[in-house]
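Notes follow the structure.
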Amino acid sequence: MINSFFLMRSILLSLIISSVLVIFPVGQDSTGLQIHPAKNYPRWLMNDVYNTNQTSGMTFLTENDDGKLEFLLADDIGKIHRLFIQDDTLFSFSEIKFSHEVIEYLTDFPKLDFEDICYDRFTGEVYLTIEGNGKDHLLYHGIYKLKFKDNNIFQDSVVKLERLEFTPQEMFYNYLLPNIGYEGFTADENYFYLGLENEQTLEGSFSGQTVIRISDKHSLAIVKEISTENIGLSTVCGLYSDENFSLWGIDRNHKKVFKLLFDEYFNIVDLIYFDIKTVVPKYNHFEYVGSLESITIVSEKFLFLVDDPWYKFFIPPNEILNQLDESTVSNFKDFIPVIHKFEID
């Protein structure tokens, strides 16, 4: 089925996309919005007995009565965790288990390449994006709804995955490649937002642009595709919607956070970028090569980002390592993710 629609894809897409490309001046902002690094951050995403691994997705769930913040994390090695942050700096974790049915469902995946995770606060549902890999990668790319035990997202067991079927299929699958898929996903009251990691060149390398697709939540029909060619974004590696027609995201390759505001027709009416410095925890005068892929917001006041350690470049050069304490050096060499926090003004 997947192969058949590719025969007509080029013609169909030329008709569909021609009406939805956006031309917008880069760096416009009428909101006066600012973000500032928060005290006590960045920190290593770990405690004395637990750490995550290759964290690619983060979503905020709730603030408990005792002030403890609760999140879900997704690792691109096929793991989901629950994260609690208490008194701003105390981390505790638990691993989300998969039922036998879910394990069987995932058995044939070449890689359990989990990317973004999204809690839809309007419906109470949780969604996970998975990137396809291997020769038949299109069989695995997708957005999956997670069903928790007892239909309770606070249970530590996922008992079923349901793949969402977006239409038109040819648009949903366009530009998807092995290990290049939807790394950003979020929802507002009426729409889903799907961020493609990158629109690769014909030679298979990263280009300077990508696309954001917007679908109706009920019909799953894609109603708009926005090219980032003219707005200075090259990658989308995490998305979060704070209100209707408003979208935060991460451009990993440019090391920027962006915010887009849309009108009711999804034309961009405001755009702002924030340059992010990935500094070493406890050593804010040293930077490392960051790979920010996770974004979420708490109480519309605090922005959290998580770094997915890039094995090839994550460890700083020796001239920096030699100036760090043993614990920090060990964390780099163990590829522990780093969590960043910013205050939103």
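Just remember, in the structure tokens the first chain shown is A, the second B, etc., residues are 1-based per chain, and ligands are 1-based in the order shown.
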
Within 6 Å of stretch 139-146 of chain A, which residues of stretch 162-275 of chain A show up? Give each one with its shortest atom-to-atom distance in Å (one decimal) and the two atoms involved, counting only C-alpha atoms, rows by chain then rising residue number, as a Markdown table.
| residue | atom | partner | partner_atom | distance |
| --- | --- | --- | --- | --- |
| A:Glu162 | CA | A:Lys145 | CA | 5.0 |
| A:Arg163 | CA | A:Tyr144 | CA | 4.3 |
| A:Leu164 | CA | A:Ile143 | CA | 5.7 |

Those residues with N, CA, C and O atoms, as an mmCIF file, in the first residue's frame please?
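Saved as out07.cif:
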data_model
loop_
_atom_site.group_PDB
_atom_site.id
_atom_site.type_symbol
_atom_site.label_atom_id
_atom_site.label_comp_id
_atom_site.auth_asym_id
_atom_site.auth_seq_id
_atom_site.Cartn_x
_atom_site.Cartn_y
_atom_site.Cartn_z
ATOM 1 N N GLU A 162 -1.475 2.590 19.738
ATOM 2 C CA GLU A 162 -2.390 2.765 18.613
ATOM 3 C C GLU A 162 -1.786 3.774 17.647
ATOM 4 O O GLU A 162 -1.564 4.933 18.018
ATOM 5 N N ARG A 163 -1.518 3.342 16.425
ATOM 6 C CA ARG A 163 -0.915 4.221 15.430
ATOM 7 C C ARG A 163 -1.983 5.110 14.795
ATOM 8 O O ARG A 163 -3.029 4.628 14.364
ATOM 9 N N LEU A 164 -1.728 6.418 14.749
ATOM 10 C CA LEU A 164 -2.669 7.343 14.140
ATOM 11 C C LEU A 164 -2.498 7.327 12.624
ATOM 12 O O LEU A 164 -1.366 7.296 12.122
#

Could you list, with a cut-off of 10 Å and counting only C-alpha atoms, the residues of stretch 30-70 of chain A near stretch 114-138 of chain A, each shown with its nearest atom pair and the distance in Å rounded to one decimal, rows sorted by chain and ascending number, as a Markdown table?
| residue | atom | partner | partner_atom | distance |
| --- | --- | --- | --- | --- |
| A:Gln54 | CA | A:Glu115 | CA | 9.6 |
| A:Thr55 | CA | A:Glu115 | CA | 8.0 |
| A:Ser56 | CA | A:Glu115 | CA | 5.0 |
| A:Gly57 | CA | A:Asp116 | CA | 4.1 |
| A:Met58 | CA | A:Ile117 | CA | 5.9 |
| A:Thr59 | CA | A:Cys118 | CA | 5.5 |
| A:Phe60 | CA | A:Tyr119 | CA | 7.0 |
| A:Leu61 | CA | A:Tyr119 | CA | 6.6 |
| A:Thr62 | CA | A:Arg121 | CA | 9.6 |

Please list as JSON, numbers by chain every residue within 7 Å of stretch 289-296 of chain A, counting only C-alpha atoms and excluding residues in the same chain fewer than 4 positions away. {"A": [56, 57, 58, 59, 60, 237, 238, 239, 240, 249, 250, 252, 278, 303, 304, 305, 306, 307, 308, 309, 310, 313, 314]}

Mind running stretch 128-214 of chain A against stretch 254-274 of chain A at 12 Å and telling me each contacting residue's nearest atom pair with the distance in Å (one decimal), counting only C-alpha atoms, chain and number ascending, as CSV?
residue,atom,partner,partner_atom,distance
A:Asn190,CA,A:Glu264,CA,11.4
A:Tyr191,CA,A:Phe266,CA,10.8
A:Tyr193,CA,A:Phe266,CA,11.1
A:Phe206,CA,A:His254,CA,11.9
A:Ser207,CA,A:His254,CA,11.9
A:Gly208,CA,A:His254,CA,9.7
A:Gln209,CA,A:His254,CA,11.1
A:Ile212,CA,A:Phe266,CA,10.9
A:Arg213,CA,A:Phe266,CA,10.4
A:Ile214,CA,A:Phe266,CA,8.6

Take the residues just selected and output them with all heavy atoms as a compact mmCIF listing (two decimals), in the first residue's frame.
# COMPACT_ATOMS: atom_id res chain seq x y z
N ASN A 190 -7.53 21.95 19.21
CA ASN A 190 -8.18 21.40 18.02
C ASN A 190 -7.24 20.79 16.99
O ASN A 190 -7.71 20.11 16.07
CB ASN A 190 -8.99 22.51 17.32
CG ASN A 190 -10.08 23.07 18.22
OD1 ASN A 190 -10.96 22.35 18.67
ND2 ASN A 190 -10.00 24.36 18.50
N TYR A 191 -5.94 20.99 17.14
CA TYR A 191 -5.01 20.58 16.09
C TYR A 191 -3.78 19.88 16.66
O TYR A 191 -3.35 20.14 17.79
CB TYR A 191 -4.54 21.81 15.28
CG TYR A 191 -5.66 22.49 14.54
CD1 TYR A 191 -6.32 23.58 15.09
CD2 TYR A 191 -6.09 22.02 13.29
CE1 TYR A 191 -7.37 24.20 14.43
CE2 TYR A 191 -7.14 22.64 12.62
CZ TYR A 191 -7.77 23.73 13.19
OH TYR A 191 -8.81 24.33 12.53
N TYR A 193 0.32 19.24 15.76
CA TYR A 193 1.43 19.84 15.04
C TYR A 193 2.54 18.81 14.93
O TYR A 193 2.99 18.26 15.96
CB TYR A 193 1.95 21.08 15.76
CG TYR A 193 0.91 22.17 15.92
CD1 TYR A 193 0.01 22.13 16.99
CD2 TYR A 193 0.83 23.23 15.03
CE1 TYR A 193 -0.95 23.13 17.14
CE2 TYR A 193 -0.12 24.23 15.17
CZ TYR A 193 -1.01 24.17 16.24
OH TYR A 193 -1.96 25.16 16.39
N PHE A 206 21.93 17.08 5.54
CA PHE A 206 20.98 18.02 6.10
C PHE A 206 20.90 19.28 5.25
O PHE A 206 21.92 19.85 4.87
CB PHE A 206 21.36 18.39 7.54
CG PHE A 206 20.84 17.41 8.55
CD1 PHE A 206 21.49 16.19 8.75
CD2 PHE A 206 19.72 17.68 9.31
CE1 PHE A 206 21.02 15.27 9.68
CE2 PHE A 206 19.24 16.78 10.24
CZ PHE A 206 19.89 15.57 10.42
N SER A 207 19.68 19.71 4.98
CA SER A 207 19.45 20.95 4.26
C SER A 207 19.21 22.07 5.26
O SER A 207 19.26 21.87 6.48
CB SER A 207 18.24 20.82 3.33
OG SER A 207 17.03 20.83 4.09
N GLY A 208 18.90 23.25 4.75
CA GLY A 208 18.63 24.39 5.62
C GLY A 208 17.16 24.60 5.90
O GLY A 208 16.77 25.68 6.33
N GLN A 209 16.34 23.57 5.68
CA GLN A 209 14.90 23.76 5.87
C GLN A 209 14.21 22.46 6.24
O GLN A 209 14.77 21.37 6.10
CB GLN A 209 14.28 24.31 4.59
CG GLN A 209 14.33 23.35 3.42
CD GLN A 209 13.93 24.00 2.12
OE1 GLN A 209 14.58 24.95 1.66
NE2 GLN A 209 12.86 23.51 1.51
N ILE A 212 6.62 21.85 8.91
CA ILE A 212 5.72 21.60 10.02
C ILE A 212 4.35 21.33 9.44
O ILE A 212 3.83 22.14 8.66
CB ILE A 212 5.67 22.79 10.99
CG1 ILE A 212 7.05 23.04 11.60
CG2 ILE A 212 4.62 22.55 12.09
CD1 ILE A 212 7.13 24.33 12.40
N ARG A 213 3.77 20.17 9.76
CA ARG A 213 2.46 19.79 9.25
C ARG A 213 1.44 19.92 10.38
O ARG A 213 1.72 19.57 11.54
CB ARG A 213 2.49 18.37 8.69
CG ARG A 213 3.37 18.31 7.45
CD ARG A 213 3.64 16.93 6.93
NE ARG A 213 4.40 17.02 5.68
CZ ARG A 213 5.42 16.24 5.34
NH1 ARG A 213 5.81 15.27 6.15
NH2 ARG A 213 6.06 16.42 4.20
N ILE A 214 0.26 20.40 10.03
CA ILE A 214 -0.79 20.66 11.01
C ILE A 214 -2.02 19.87 10.61
O ILE A 214 -2.46 19.93 9.46
CB ILE A 214 -1.12 22.16 11.09
CG1 ILE A 214 0.15 22.96 11.41
CG2 ILE A 214 -2.21 22.43 12.13
CD1 ILE A 214 0.00 24.45 11.23

Picked from stretch 62-149 of chain A by DSSP as strand (DSSP E), as a short mmCIF file (atom, residue, chain, number, x, y, z; two decimals) with N, CA, C and O atoms, in the first residue's frame:
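Resulting contents of out_28.cif:
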data_model
loop_
_atom_site.label_atom_id
_atom_site.label_comp_id
_atom_site.auth_asym_id
_atom_site.auth_seq_id
_atom_site.Cartn_x
_atom_site.Cartn_y
_atom_site.Cartn_z
N THR A 62 1.91 17.26 35.41
CA THR A 62 1.16 17.92 36.47
C THR A 62 2.09 18.39 37.57
O THR A 62 3.24 17.92 37.68
N GLU A 63 1.61 19.31 38.37
CA GLU A 63 2.27 19.70 39.61
C GLU A 63 1.45 19.15 40.76
O GLU A 63 0.26 19.45 40.90
N LEU A 69 6.94 18.41 40.57
CA LEU A 69 6.60 18.43 39.16
C LEU A 69 6.77 17.04 38.57
O LEU A 69 7.74 16.34 38.86
N GLU A 70 5.82 16.64 37.71
CA GLU A 70 5.85 15.30 37.13
C GLU A 70 5.88 15.39 35.61
O GLU A 70 5.09 16.12 35.00
N PHE A 71 6.80 14.63 35.00
CA PHE A 71 7.02 14.64 33.56
C PHE A 71 7.08 13.20 33.04
O PHE A 71 7.32 12.26 33.81
N LEU A 72 6.93 13.05 31.73
CA LEU A 72 7.30 11.83 31.05
C LEU A 72 8.47 12.13 30.12
O LEU A 72 8.52 13.20 29.49
N LEU A 73 9.40 11.18 30.04
CA LEU A 73 10.57 11.29 29.17
C LEU A 73 10.59 10.12 28.21
O LEU A 73 10.21 9.00 28.57
N ALA A 74 11.05 10.37 26.98
CA ALA A 74 11.20 9.31 25.99
C ALA A 74 12.65 9.28 25.53
O ALA A 74 13.22 10.32 25.18
N ASP A 75 13.24 8.09 25.54
CA ASP A 75 14.61 7.89 25.05
C ASP A 75 14.57 7.21 23.69
O ASP A 75 13.72 6.32 23.46
N LYS A 79 12.90 3.53 25.50
CA LYS A 79 12.55 3.61 26.92
C LYS A 79 11.67 4.82 27.17
O LYS A 79 11.83 5.88 26.55
N ILE A 80 10.74 4.70 28.11
CA ILE A 80 9.95 5.81 28.61
C ILE A 80 10.11 5.84 30.13
O ILE A 80 10.08 4.80 30.79
N HIS A 81 10.29 7.03 30.67
CA HIS A 81 10.49 7.19 32.11
C HIS A 81 9.51 8.22 32.66
O HIS A 81 9.04 9.11 31.95
N ARG A 82 9.26 8.10 33.94
CA ARG A 82 8.56 9.15 34.68
C ARG A 82 9.63 9.91 35.47
O ARG A 82 10.48 9.30 36.13
N LEU A 83 9.58 11.24 35.38
CA LEU A 83 10.53 12.08 36.10
C LEU A 83 9.77 12.97 37.08
O LEU A 83 8.76 13.58 36.72
N PHE A 84 10.27 13.03 38.31
CA PHE A 84 9.74 13.96 39.32
C PHE A 84 10.85 14.94 39.69
O PHE A 84 12.00 14.54 39.90
N ILE A 85 10.48 16.22 39.76
CA ILE A 85 11.42 17.24 40.22
C ILE A 85 10.81 17.89 41.45
O ILE A 85 9.72 18.47 41.39
N GLN A 86 11.52 17.78 42.56
CA GLN A 86 11.05 18.36 43.82
C GLN A 86 12.05 19.40 44.30
O GLN A 86 13.27 19.22 44.18
N LEU A 90 15.83 18.25 43.02
CA LEU A 90 15.86 16.85 43.43
C LEU A 90 15.11 16.01 42.40
O LEU A 90 13.90 16.17 42.23
N PHE A 91 15.82 15.11 41.75
CA PHE A 91 15.25 14.29 40.69
C PHE A 91 14.98 12.88 41.20
O PHE A 91 15.82 12.28 41.89
N SER A 92 13.82 12.34 40.83
CA SER A 92 13.56 10.92 41.04
C SER A 92 12.89 10.38 39.78
O SER A 92 12.22 11.13 39.04
N PHE A 93 13.06 9.08 39.53
CA PHE A 93 12.64 8.48 38.27
C PHE A 93 11.95 7.14 38.52
O PHE A 93 12.17 6.49 39.54
N SER A 94 11.15 6.74 37.55
CA SER A 94 10.69 5.35 37.47
C SER A 94 10.53 5.02 36.00
O SER A 94 10.20 5.88 35.18
N GLU A 95 10.79 3.76 35.66
CA GLU A 95 10.69 3.33 34.27
C GLU A 95 9.27 2.88 33.96
O GLU A 95 8.63 2.19 34.77
N LYS A 97 6.89 0.47 32.19
CA LYS A 97 6.98 -0.89 31.65
C LYS A 97 6.02 -1.07 30.48
O LYS A 97 5.00 -0.38 30.39
N PHE A 98 6.33 -2.02 29.60
CA PHE A 98 5.47 -2.35 28.47
C PHE A 98 4.84 -3.72 28.68
O PHE A 98 5.51 -4.67 29.12
N ASP A 113 13.16 3.66 18.01
CA ASP A 113 13.66 5.03 17.91
C ASP A 113 12.59 6.01 18.37
O ASP A 113 11.99 6.74 17.56
N PHE A 114 12.35 6.04 19.69
CA PHE A 114 11.36 6.95 20.25
C PHE A 114 11.91 8.38 20.17
O PHE A 114 13.09 8.62 20.45
N GLU A 115 11.06 9.32 19.81
CA GLU A 115 11.50 10.70 19.69
C GLU A 115 10.69 11.60 20.63
O GLU A 115 10.95 11.63 21.81
N ASP A 116 9.70 12.32 20.12
CA ASP A 116 8.96 13.24 20.99
C ASP A 116 7.86 12.49 21.75
O ASP A 116 7.36 11.46 21.29
N ILE A 117 7.49 13.03 22.89
CA ILE A 117 6.37 12.52 23.66
C ILE A 117 5.52 13.71 24.06
O ILE A 117 6.04 14.78 24.38
N CYS A 118 4.20 13.56 23.98
CA CYS A 118 3.28 14.68 24.16
C CYS A 118 2.11 14.28 25.04
O CYS A 118 1.41 13.31 24.74
N TYR A 119 1.88 15.04 26.09
CA TYR A 119 0.66 14.92 26.88
C TYR A 119 -0.32 15.98 26.38
O TYR A 119 -0.04 17.18 26.43
N ASP A 120 -1.45 15.53 25.86
CA ASP A 120 -2.50 16.43 25.39
C ASP A 120 -3.39 16.77 26.57
O ASP A 120 -4.24 15.98 26.98
N GLU A 125 -4.76 12.40 26.73
CA GLU A 125 -4.04 11.35 26.00
C GLU A 125 -2.54 11.66 25.96
O GLU A 125 -2.12 12.82 26.04
N VAL A 126 -1.75 10.59 25.79
CA VAL A 126 -0.30 10.72 25.62
C VAL A 126 0.08 10.12 24.28
O VAL A 126 -0.37 9.02 23.92
N TYR A 127 0.91 10.85 23.53
CA TYR A 127 1.34 10.42 22.20
C TYR A 127 2.86 10.33 22.15
O TYR A 127 3.57 11.10 22.79
N LEU A 128 3.33 9.39 21.34
CA LEU A 128 4.76 9.13 21.16
C LEU A 128 5.06 9.09 19.68
O LEU A 128 4.33 8.46 18.90
N THR A 129 6.14 9.77 19.26
CA THR A 129 6.56 9.64 17.87
C THR A 129 7.69 8.62 17.79
O THR A 129 8.57 8.57 18.66
N ILE A 130 7.64 7.80 16.75
CA ILE A 130 8.69 6.80 16.51
C ILE A 130 9.22 7.00 15.10
O ILE A 130 8.44 7.13 14.15
N GLU A 131 10.55 7.07 14.98
CA GLU A 131 11.17 7.19 13.67
C GLU A 131 11.41 5.81 13.08
O GLU A 131 11.86 4.89 13.78
N GLY A 142 5.79 6.94 12.60
CA GLY A 142 4.41 7.23 12.97
C GLY A 142 4.25 7.96 14.28
O GLY A 142 5.21 8.16 15.04
N ILE A 143 3.01 8.36 14.53
CA ILE A 143 2.59 8.94 15.81
C ILE A 143 1.71 7.88 16.48
O ILE A 143 0.74 7.40 15.88
N TYR A 144 2.04 7.53 17.70
CA TYR A 144 1.37 6.43 18.39
C TYR A 144 0.73 6.94 19.68
O TYR A 144 1.38 7.61 20.49
N LYS A 145 -0.55 6.59 19.88
CA LYS A 145 -1.22 6.91 21.14
C LYS A 145 -0.92 5.81 22.15
O LYS A 145 -1.05 4.62 21.84
N LEU A 146 -0.54 6.21 23.35
CA LEU A 146 -0.22 5.25 24.41
C LEU A 146 -1.44 5.02 25.28
O LEU A 146 -2.07 5.97 25.75
N LYS A 147 -1.77 3.76 25.49
CA LYS A 147 -2.83 3.43 26.44
C LYS A 147 -2.18 2.86 27.70
O LYS A 147 -1.48 1.85 27.66
N PHE A 148 -2.40 3.54 28.81
CA PHE A 148 -1.83 3.12 30.08
C PHE A 148 -2.78 2.16 30.80
O PHE A 148 -3.98 2.12 30.53
#

Hey, can you check how far atom CA of A:Leu33 sits from atom CA of A:Ile297? 14.4 Å

Which of these, A:Asn244, A:Asn179, A:Thr210, A:Gln200, has the shortest distance to A:Ser227 once you count only C-alpha atoms?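 Closest candidate: A:Thr210.
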
Which residues are near A:Leu196? Cut-off 9 Å, only C-alpha atoms, ignore same chain within fewer than 6 positions. Put them as a VMD selection string. chain A and resid 175 to 176 180 to 184 210 to 213 235 to 237

So, counting only C-alpha atoms, which residue among A:Phe342, A:Tyr173, A:Tyr283, A:Phe302 is closest to A:Ile320?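 So, comparing all the options, the nearest one is A:Tyr283.
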